[in-house]
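A.B. asks: File name run-v6.pdb; file contents PDB, C-alpha atoms, pLDDT in the B column; full text below.
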```pdb
MODEL        1
ATOM      1  CA  MET A  26       4.840   4.858   7.614  1.00 86.00           C
ATOM      2  CA  PHE A  27       4.024   2.475   4.768  1.00 91.00           C
ATOM      3  CA  LEU A  28       6.875   2.329   2.267  1.00 92.00           C
ATOM      4  CA  SER A  29       7.989   0.051  -0.560  1.00 94.00           C
ATOM      5  CA  THR A  30       6.224  -2.524  -2.697  1.00 95.00           C
ATOM      6  CA  PHE A  31       5.878  -6.217  -1.890  1.00 94.00           C
ATOM      7  CA  GLU A  32       4.536  -9.150  -3.862  1.00 95.00           C
ATOM      8  CA  LYS A  33       2.719 -11.617  -1.648  1.00 95.00           C
ATOM      9  CA  GLN A  34       0.837 -14.821  -2.297  1.00 95.00           C
ATOM     10  CA  LEU A  35      -2.659 -15.302  -0.925  1.00 95.00           C
ATOM     11  CA  ASP A  36      -3.099 -18.690   0.686  1.00 95.00           C
ATOM     12  CA  ALA A  37      -6.255 -20.821   0.379  1.00 94.00           C
ATOM     13  CA  LYS A  38      -7.863 -18.885   3.278  1.00 95.00           C
ATOM     14  CA  ARG A  39      -7.165 -15.474   1.627  1.00 96.00           C
ATOM     15  CA  ARG A  40      -4.381 -14.669   4.103  1.00 96.00           C
ATOM     16  CA  ILE A  41      -1.260 -12.695   3.339  1.00 95.00           C
ATOM     17  CA  VAL A  42       1.716 -12.036   5.548  1.00 92.00           C
ATOM     18  CA  ALA A  43       1.772  -8.330   6.290  1.00 90.00           C
ATOM     19  CA  PRO A  44       5.250  -6.872   5.773  1.00 87.00           C
ATOM     20  CA  GLN A  45       7.000  -6.369   9.123  1.00 87.00           C
ATOM     21  CA  GLU A  46       7.403  -2.678   8.325  1.00 88.00           C
ATOM     22  CA  PHE A  47       3.649  -2.335   7.897  1.00 88.00           C
ATOM     23  CA  ARG A  48       2.925  -4.106  11.182  1.00 89.00           C
ATOM     24  CA  ALA A  49       5.316  -1.715  12.916  1.00 88.00           C
ATOM     25  CA  ALA A  50       3.619   1.275  11.261  1.00 88.00           C
ATOM     26  CA  VAL A  51       0.278   0.535  12.927  1.00 88.00           C
ATOM     27  CA  ALA A  52       1.573  -0.415  16.385  1.00 82.00           C
ATOM     28  CA  PRO A  53       0.170  -0.495  19.038  1.00 80.00           C
ATOM     29  CA  LEU A  54      -2.970  -1.332  16.990  1.00 80.00           C
ATOM     30  CA  ASP A  55      -2.817  -5.060  16.297  1.00 82.00           C
ATOM     31  CA  GLY A  56      -4.221  -4.850  12.802  1.00 89.00           C
ATOM     32  CA  VAL A  57      -5.253  -2.578   9.964  1.00 95.00           C
ATOM     33  CA  PHE A  58      -8.362  -0.935   8.552  1.00 95.00           C
ATOM     34  CA  CYS A  59      -9.173  -1.841   4.934  1.00 96.00           C
ATOM     35  CA  PHE A  60     -11.866  -0.744   2.487  1.00 96.00           C
ATOM     36  CA  PRO A  61     -12.454  -0.470  -1.270  1.00 97.00           C
ATOM     37  CA  SER A  62     -10.283   2.380  -2.525  1.00 96.00           C
ATOM     38  CA  ILE A  63     -12.114   5.360  -3.954  1.00 93.00           C
ATOM     39  CA  GLU A  64      -9.300   6.372  -6.299  1.00 92.00           C
ATOM     40  CA  ALA A  65      -8.458   2.990  -7.828  1.00 95.00           C
ATOM     41  CA  ASP A  66      -9.679  -0.587  -8.278  1.00 96.00           C
ATOM     42  CA  CYS A  67      -7.915  -2.035  -5.254  1.00 97.00           C
ATOM     43  CA  ILE A  68      -8.112  -2.380  -1.495  1.00 98.00           C
ATOM     44  CA  GLU A  69      -6.878   0.595   0.519  1.00 97.00           C
ATOM     45  CA  GLY A  70      -5.740   0.285   4.095  1.00 95.00           C
ATOM     46  CA  GLY A  71      -3.870   1.804   6.958  1.00 94.00           C
ATOM     47  CA  GLY A  72      -3.757   2.254  10.688  1.00 92.00           C
ATOM     48  CA  LYS A  73      -5.744   4.352  13.112  1.00 91.00           C
ATOM     49  CA  ALA A  74      -4.261   7.575  11.708  1.00 90.00           C
ATOM     50  CA  LEU A  75      -5.829   6.859   8.310  1.00 92.00           C
ATOM     51  CA  PHE A  76      -9.150   5.937   9.927  1.00 93.00           C
ATOM     52  CA  ASP A  77      -9.066   9.187  11.934  1.00 94.00           C
ATOM     53  CA  ARG A  78      -8.212  11.223   8.836  1.00 94.00           C
ATOM     54  CA  TYR A  79     -11.173   9.872   6.896  1.00 95.00           C
ATOM     55  CA  SER A  80     -13.444  10.310   9.936  1.00 96.00           C
ATOM     56  CA  ALA A  81     -12.401  13.959  10.230  1.00 97.00           C
ATOM     57  CA  LEU A  82     -12.986  14.506   6.508  1.00 96.00           C
ATOM     58  CA  ILE A  83     -16.498  13.063   6.796  1.00 97.00           C
ATOM     59  CA  GLU A  84     -17.242  15.229   9.849  1.00 97.00           C
ATOM     60  CA  GLU A  85     -16.589  18.361   7.750  1.00 97.00           C
ATOM     61  CA  PHE A  86     -19.942  17.770   6.034  1.00 98.00           C
ATOM     62  CA  PRO A  87     -23.288  18.060   7.845  1.00 97.00           C
ATOM     63  CA  ILE A  88     -25.427  14.968   8.330  1.00 96.00           C
ATOM     64  CA  GLY A  89     -27.663  14.568   5.301  1.00 96.00           C
ATOM     65  CA  ASP A  90     -25.243  16.248   2.904  1.00 97.00           C
ATOM     66  CA  PRO A  91     -24.926  14.028  -0.205  1.00 97.00           C
ATOM     67  CA  ALA A  92     -21.121  14.340  -0.110  1.00 97.00           C
ATOM     68  CA  ARG A  93     -21.054  13.084   3.485  1.00 97.00           C
ATOM     69  CA  THR A  94     -23.376  10.213   2.639  1.00 97.00           C
ATOM     70  CA  ALA A  95     -21.227   9.216  -0.340  1.00 97.00           C
ATOM     71  CA  LEU A  96     -18.059   9.238   1.790  1.00 96.00           C
ATOM     72  CA  GLU A  97     -19.698   7.380   4.679  1.00 96.00           C
ATOM     73  CA  THR A  98     -21.112   4.742   2.350  1.00 96.00           C
ATOM     74  CA  SER A  99     -17.919   4.298   0.341  1.00 95.00           C
ATOM     75  CA  ILE A 100     -15.405   4.418   3.173  1.00 95.00           C
ATOM     76  CA  MET A 101     -17.050   3.538   6.474  1.00 96.00           C
ATOM     77  CA  GLY A 102     -19.629   1.242   4.902  1.00 96.00           C
ATOM     78  CA  GLY A 103     -16.924  -0.771   3.170  1.00 94.00           C
ATOM     79  CA  MET A 104     -14.353  -0.702   5.971  1.00 95.00           C
ATOM     80  CA  VAL A 105     -13.255  -3.731   7.942  1.00 96.00           C
ATOM     81  CA  GLN A 106     -10.745  -3.976  10.764  1.00 94.00           C
ATOM     82  CA  LEU A 107      -8.357  -6.867  10.177  1.00 95.00           C
ATOM     83  CA  SER A 108      -6.234  -8.255  12.996  1.00 93.00           C
ATOM     84  CA  PHE A 109      -2.820  -9.836  12.620  1.00 93.00           C
ATOM     85  CA  ASP A 110      -2.602 -13.492  13.579  1.00 92.00           C
ATOM     86  CA  GLN A 111       0.437 -14.934  15.383  1.00 91.00           C
ATOM     87  CA  ALA A 112       2.279 -15.297  12.067  1.00 91.00           C
ATOM     88  CA  GLY A 113       1.658 -11.628  11.145  1.00 91.00           C
ATOM     89  CA  ARG A 114      -0.989 -12.462   8.563  1.00 93.00           C
ATOM     90  CA  ILE A 115      -4.260 -10.731   7.801  1.00 95.00           C
ATOM     91  CA  THR A 116      -7.224 -12.490   6.230  1.00 96.00           C
ATOM     92  CA  LEU A 117      -8.737 -10.472   3.415  1.00 97.00           C
ATOM     93  CA  PRO A 118     -12.547 -10.523   3.294  1.00 96.00           C
ATOM     94  CA  GLU A 119     -13.985 -12.687   0.547  1.00 96.00           C
ATOM     95  CA  ASN A 120     -16.142  -9.860  -0.833  1.00 95.00           C
ATOM     96  CA  LEU A 121     -13.104  -7.564  -1.291  1.00 96.00           C
ATOM     97  CA  CYS A 122     -11.101 -10.348  -2.935  1.00 97.00           C
ATOM     98  CA  GLU A 123     -13.963 -11.008  -5.356  1.00 96.00           C
ATOM     99  CA  GLN A 124     -14.531  -7.301  -6.026  1.00 96.00           C
ATOM    100  CA  PHE A 125     -10.921  -6.726  -7.095  1.00 97.00           C
ATOM    101  CA  GLY A 126      -9.994 -10.146  -8.489  1.00 96.00           C
ATOM    102  CA  LEU A 127      -7.516 -11.043  -5.757  1.00 96.00           C
ATOM    103  CA  THR A 128      -6.977 -14.762  -6.211  1.00 93.00           C
ATOM    104  CA  ASP A 129      -3.307 -15.678  -6.057  1.00 94.00           C
ATOM    105  CA  TRP A 130      -0.447 -13.179  -6.142  1.00 96.00           C
ATOM    106  CA  VAL A 131      -1.055  -9.647  -4.910  1.00 97.00           C
ATOM    107  CA  THR A 132       1.053  -6.514  -4.750  1.00 97.00           C
ATOM    108  CA  VAL A 133       1.066  -4.491  -1.544  1.00 96.00           C
ATOM    109  CA  VAL A 134       2.089  -0.887  -2.191  1.00 96.00           C
ATOM    110  CA  GLY A 135       3.122   1.515   0.567  1.00 95.00           C
ATOM    111  CA  LEU A 136       1.888   5.082   0.067  1.00 95.00           C
ATOM    112  CA  LYS A 137       3.282   6.787   3.187  1.00 93.00           C
ATOM    113  CA  ASP A 138       0.200   6.996   5.453  1.00 92.00           C
ATOM    114  CA  ARG A 139      -1.722   4.223   3.692  1.00 95.00           C
ATOM    115  CA  PHE A 140      -1.230   1.208   1.480  1.00 96.00           C
ATOM    116  CA  GLN A 141      -3.012  -0.498  -1.378  1.00 97.00           C
ATOM    117  CA  ILE A 142      -3.461  -4.176  -2.256  1.00 97.00           C
ATOM    118  CA  TRP A 143      -3.701  -4.940  -5.973  1.00 98.00           C
ATOM    119  CA  PRO A 144      -3.859  -8.025  -8.171  1.00 97.00           C
ATOM    120  CA  ARG A 145      -0.210  -8.382  -9.222  1.00 96.00           C
ATOM    121  CA  GLU A 146      -0.760  -7.975 -12.970  1.00 96.00           C
ATOM    122  CA  ALA A 147      -3.148  -5.038 -12.527  1.00 96.00           C
ATOM    123  CA  PHE A 148      -0.566  -3.252 -10.406  1.00 97.00           C
ATOM    124  CA  ARG A 149       2.136  -3.731 -13.029  1.00 95.00           C
ATOM    125  CA  ALA A 150      -0.033  -1.796 -15.496  1.00 95.00           C
ATOM    126  CA  ARG A 151      -0.896   0.795 -12.823  1.00 96.00           C
ATOM    127  CA  TRP A 152       2.793   1.250 -11.994  1.00 96.00           C
ATOM    128  CA  LEU A 153       3.608   2.086 -15.614  1.00 96.00           C
ATOM    129  CA  GLU A 154       0.744   4.617 -15.752  1.00 95.00           C
ATOM    130  CA  GLN A 155       1.755   6.232 -12.466  1.00 95.00           C
ATOM    131  CA  ARG A 156       5.426   6.380 -13.427  1.00 95.00           C
ATOM    132  CA  GLN A 157       4.524   8.233 -16.632  1.00 95.00           C
ATOM    133  CA  ALA A 158       2.227  10.590 -14.703  1.00 95.00           C
ATOM    134  CA  ALA A 159       5.006  11.262 -12.163  1.00 94.00           C
ATOM    135  CA  ARG A 160       7.446  12.070 -14.969  1.00 93.00           C
ATOM    136  CA  GLU A 161       4.959  14.534 -16.418  1.00 93.00           C
ATOM    137  CA  VAL A 162       4.401  16.182 -13.044  1.00 94.00           C
ATOM    138  CA  LEU A 163       8.131  16.580 -12.501  1.00 92.00           C
ATOM    139  CA  ALA A 164       8.649  17.906 -16.018  1.00 92.00           C
ATOM    140  CA  GLN A 165       5.861  20.475 -15.541  1.00 88.00           C
ATOM    141  CA  ARG A 166       7.245  21.428 -12.153  1.00 84.00           C
ATOM    142  CA  GLY A 167      10.671  21.882 -13.718  1.00 83.00           C
ATOM    143  CA  LEU A 168       9.182  24.246 -16.282  1.00 68.00           C
ATOM    144  CA  ARG A 169       7.481  26.254 -13.542  1.00 65.00           C
ATOM    145  CA  THR A 170      10.686  26.414 -11.513  1.00 58.00           C
ATOM    146  CA  THR A 171      12.674  27.564 -14.570  1.00 56.00           C
ATOM    147  CA  ARG A 172      10.079  30.241 -15.448  1.00 59.00           C
ATOM    148  CA  ALA A 173       9.936  31.484 -11.848  1.00 57.00           C
ATOM    149  CA  ALA A 174      13.729  31.840 -11.725  1.00 55.00           C
ATOM    150  CA  SER A 175      13.802  33.881 -14.975  1.00 53.00           C
TER     151      SER A 175
ENDMDL
END
```
Using structure tokens, write down the structure from this file.
C.D. replies:
Amino acid sequence: MFLSTFEKQLDAKRRIVAPQEFRAAVAPLDGVFCFPSIEADCIEGGGKALFDRYSALIEEFPIGDPARTALETSIMGGMVQLSFDQAGRITLPENLCEQFGLTDWVTVVGLKDRFQIWPREAFRARWLEQRQAAREVLAQRGLRTTRAAS
């Protein structure tokens, strides 16, 4: 499971040290799968379970279906498998770093069965947006719970 948030510095070769907890989450696979996120302007990644989940989702659509083609192109077409080196680092592909402006400090965010890699400043803004959205969801849920109990 991918939990917590970490700030990491990219080195000159675009490598970051993967958090130990993340390396343990994908064992025995010695690496991660990464691709451009569909839901946000960042890199999304995870282990074999995430890869299998997206594969199964794609298989729900027949070959030639525009939805399947869009998912295949966006997910599988952009996916790379990144191995950990002896120091527990992964090297982010240059094209993904350029696409999302990853140049120096990045934020790695655990999202249970997946994680995201953001430019640090972009994630700070995203965090504020998501925190407000979460508050609204909980407030709405509280209203529903109160109404249901009445």
A.B. asks: Applying 10 Å and all atoms listed in the file, which residues near A:Ala74 remain after dropping the ones on its own chain fewer than 3 positions away? List them as a list in words.
C.D. replies: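 Residues near the query, excluding close chain neighbours: Val51, Phe58, Gly71, Asp77, Arg78, Tyr79, Ser80, Asp138 and Arg139 of chain A.
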A.B. asks: Pick from A:Lys137, A:Lys73, A:Lys33, A:Arg160: nearest to A:Leu107, with all atoms listed in the file counted?
C.D. replies: A:Lys73
A.B. asks: Skipping near chain neighbours, those fewer than 6 positions away, what residues fall within 12 Å of A:Phe148 using all atoms listed in the file, listed as a list of chain:residue names?
C.D. replies: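 Residues near the query, excluding close chain neighbours: A:Thr30, A:Phe31, A:Glu32, A:Ala65, A:Asp66, A:Cys67, A:Ile68, A:Phe125, A:Gly126, A:Leu127, A:Trp130, A:Val131, A:Thr132, A:Val133, A:Val134, A:Gln141, A:Ile142, A:Glu154, A:Gln155, A:Arg156.
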A.B. asks: Please provide the set of residues having any atom within 10 Å of A:Thr128, restricted to all atoms listed in the file, with same-chain residues fewer than 5 positions apart removed, written as a PDB file with C-alpha atoms, in the coordinates of the input.
C.D. replies:
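What ended up in around33.pdb:
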```pdb
ATOM      1  CA  GLN A  34       0.837 -14.821  -2.297  1.00 95.00           C
ATOM      2  CA  LEU A  35      -2.659 -15.302  -0.925  1.00 95.00           C
ATOM      3  CA  ASP A  36      -3.099 -18.690   0.686  1.00 95.00           C
ATOM      4  CA  ALA A  37      -6.255 -20.821   0.379  1.00 94.00           C
ATOM      5  CA  ARG A  39      -7.165 -15.474   1.627  1.00 96.00           C
ATOM      6  CA  GLU A 119     -13.985 -12.687   0.547  1.00 96.00           C
ATOM      7  CA  CYS A 122     -11.101 -10.348  -2.935  1.00 97.00           C
ATOM      8  CA  GLU A 123     -13.963 -11.008  -5.356  1.00 96.00           C
ATOM      9  CA  PRO A 144      -3.859  -8.025  -8.171  1.00 97.00           C
ATOM     10  CA  ARG A 145      -0.210  -8.382  -9.222  1.00 96.00           C
TER      11      ARG A 145
END
```
A.B. asks: Hey, which of A:Leu75, A:Ala50, A:Leu82, A:Cys59 ends up closest to A:Ser108? Count all atoms listed in the file.
C.D. replies: A:Cys59
A.B. asks: Figure out the distance between atom CA of A:Gln111 and atom CA of A:Leu28, please, to one decimal in Å.
C.D. replies: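 Value for the atom CA of A:Leu28-atom CA of A:Gln111 distance: 22.6 Å.
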A.B. asks: Quick one: pull the distance between atom CA of A:Arg40 and atom CA of A:Leu96, Å, one decimal.
C.D. replies: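 Computed distance, atom CA of A:Arg40 to atom CA of A:Leu96, equals 27.6 Å.
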A.B. asks: Could you state the separation of atom CA of A:Leu117 and atom CA of A:Phe140 in Å, given to one decimal place?
C.D. replies: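 Taking atom CA of A:Leu117 as the start and atom CA of A:Phe140 as the end point, the length is 14.0 Å.
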A.B. asks: So which one's closest to A:Glu85, A:Ala112, A:Gly70, A:Glu97, A:Gln124? Using only C-alpha atoms, please.
C.D. replies: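 Of A:Ala112, A:Gly70, A:Glu97, A:Gln124, the one nearest A:Glu85 is A:Glu97, counting only C-alpha atoms.
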A.B. asks: In terms of the shortest atom-to-atom distance over only C-alpha atoms, which of A:Ala81, A:Val57, A:Gly89, A:Glu64 is closest to A:Met104?
C.D. replies: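 Nearest to A:Met104: A:Val57.
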A.B. asks: Which of these residues is nearest to A:Ile115, using all atoms listed in the file: A:Ala95, A:Val162, A:Val42, A:Ala147?
C.D. replies: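 When distances to A:Ile115 are compared using all atoms listed in the file, the smallest one comes from A:Val42.
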A.B. asks: Apply the PyMOL selection byres ((chain A and resi 48) around 10) to the structure shown and report the selected residues as a ChimeraX atom specification.
C.D. replies: /A:26-27,42-47,49-57,71-72,109,113-114
A.B. asks: Rank A:Ile88, A:Ile83, A:Ile63, A:Leu136 by their smallest atom-to-atom distance to A:Gly103, using all atoms listed in the file, and report the top residue only.
C.D. replies: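 Answer, going by the shortest atom-to-atom distance: A:Ile63.
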A.B. asks: Could you pull stretch 58-76 of chain A out of the block above and save it with N, CA and C atoms, as a PDB file, in the first residue's frame?
C.D. replies:
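Produced file result.pdb, reproduced below:
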```pdb
ATOM      1  N   PHE A  58       5.503   0.628 -12.238  1.00  0.00           N
ATOM      2  CA  PHE A  58       4.971   1.052 -13.524  1.00  0.00           C
ATOM      3  C   PHE A  58       4.561   2.505 -13.384  1.00  0.00           C
ATOM      4  N   CYS A  59       4.940   3.348 -14.343  1.00  0.00           N
ATOM      5  CA  CYS A  59       4.582   4.767 -14.307  1.00  0.00           C
ATOM      6  C   CYS A  59       4.052   5.200 -15.665  1.00  0.00           C
ATOM      7  N   PHE A  60       3.145   6.184 -15.644  1.00  0.00           N
ATOM      8  CA  PHE A  60       2.578   6.719 -16.881  1.00  0.00           C
ATOM      9  C   PHE A  60       1.979   8.090 -16.577  1.00  0.00           C
ATOM     10  N   PRO A  61       1.688   8.888 -17.613  1.00  0.00           N
ATOM     11  CA  PRO A  61       1.046  10.174 -17.371  1.00  0.00           C
ATOM     12  C   PRO A  61      -0.346   9.952 -16.788  1.00  0.00           C
ATOM     13  N   SER A  62      -0.620  10.558 -15.660  1.00  0.00           N
ATOM     14  CA  SER A  62      -1.922  10.413 -15.017  1.00  0.00           C
ATOM     15  C   SER A  62      -3.014  10.947 -15.931  1.00  0.00           C
ATOM     16  N   ILE A  63      -4.158  10.309 -15.882  1.00  0.00           N
ATOM     17  CA  ILE A  63      -5.312  10.779 -16.646  1.00  0.00           C
ATOM     18  C   ILE A  63      -6.054  11.856 -15.866  1.00  0.00           C
ATOM     19  N   GLU A  64      -6.053  11.749 -14.550  1.00  0.00           N
ATOM     20  CA  GLU A  64      -6.868  12.653 -13.730  1.00  0.00           C
ATOM     21  C   GLU A  64      -6.168  13.946 -13.326  1.00  0.00           C
ATOM     22  N   ALA A  65      -4.855  14.019 -13.504  1.00  0.00           N
ATOM     23  CA  ALA A  65      -4.136  15.214 -13.048  1.00  0.00           C
ATOM     24  C   ALA A  65      -2.850  15.382 -13.848  1.00  0.00           C
ATOM     25  N   ASP A  66      -2.232  16.540 -13.740  1.00  0.00           N
ATOM     26  CA  ASP A  66      -0.989  16.822 -14.458  1.00  0.00           C
ATOM     27  C   ASP A  66       0.208  16.354 -13.637  1.00  0.00           C
ATOM     28  N   CYS A  67       0.406  15.047 -13.612  1.00  0.00           N
ATOM     29  CA  CYS A  67       1.480  14.444 -12.844  1.00  0.00           C
ATOM     30  C   CYS A  67       1.749  13.045 -13.376  1.00  0.00           C
ATOM     31  N   ILE A  68       2.749  12.404 -12.822  1.00  0.00           N
ATOM     32  CA  ILE A  68       3.033  11.011 -13.140  1.00  0.00           C
ATOM     33  C   ILE A  68       2.256  10.147 -12.153  1.00  0.00           C
ATOM     34  N   GLU A  69       1.638   9.091 -12.646  1.00  0.00           N
ATOM     35  CA  GLU A  69       0.969   8.125 -11.784  1.00  0.00           C
ATOM     36  C   GLU A  69       1.758   6.828 -11.842  1.00  0.00           C
ATOM     37  N   GLY A  70       1.784   6.110 -10.752  1.00  0.00           N
ATOM     38  CA  GLY A  70       2.509   4.851 -10.743  1.00  0.00           C
ATOM     39  C   GLY A  70       1.985   3.888  -9.712  1.00  0.00           C
ATOM     40  N   GLY A  71       2.509   2.681  -9.799  1.00  0.00           N
ATOM     41  CA  GLY A  71       2.135   1.644  -8.852  1.00  0.00           C
ATOM     42  C   GLY A  71       2.807   0.344  -9.216  1.00  0.00           C
ATOM     43  N   GLY A  72       2.392  -0.707  -8.567  1.00  0.00           N
ATOM     44  CA  GLY A  72       2.949  -2.025  -8.794  1.00  0.00           C
ATOM     45  C   GLY A  72       2.132  -2.822  -9.791  1.00  0.00           C
ATOM     46  N   LYS A  73       2.337  -4.115  -9.775  1.00  0.00           N
ATOM     47  CA  LYS A  73       1.652  -5.004 -10.711  1.00  0.00           C
ATOM     48  C   LYS A  73       0.141  -4.973 -10.507  1.00  0.00           C
ATOM     49  N   ALA A  74      -0.314  -4.799  -9.276  1.00  0.00           N
ATOM     50  CA  ALA A  74      -1.758  -4.747  -9.019  1.00  0.00           C
ATOM     51  C   ALA A  74      -2.405  -3.585  -9.773  1.00  0.00           C
ATOM     52  N   LEU A  75      -1.762  -2.441  -9.815  1.00  0.00           N
ATOM     53  CA  LEU A  75      -2.299  -1.301 -10.551  1.00  0.00           C
ATOM     54  C   LEU A  75      -2.292  -1.591 -12.048  1.00  0.00           C
ATOM     55  N   PHE A  76      -1.187  -2.144 -12.543  1.00  0.00           N
ATOM     56  CA  PHE A  76      -1.097  -2.516 -13.953  1.00  0.00           C
ATOM     57  C   PHE A  76      -2.229  -3.482 -14.304  1.00  0.00           C
TER      58      PHE A  76
END
```
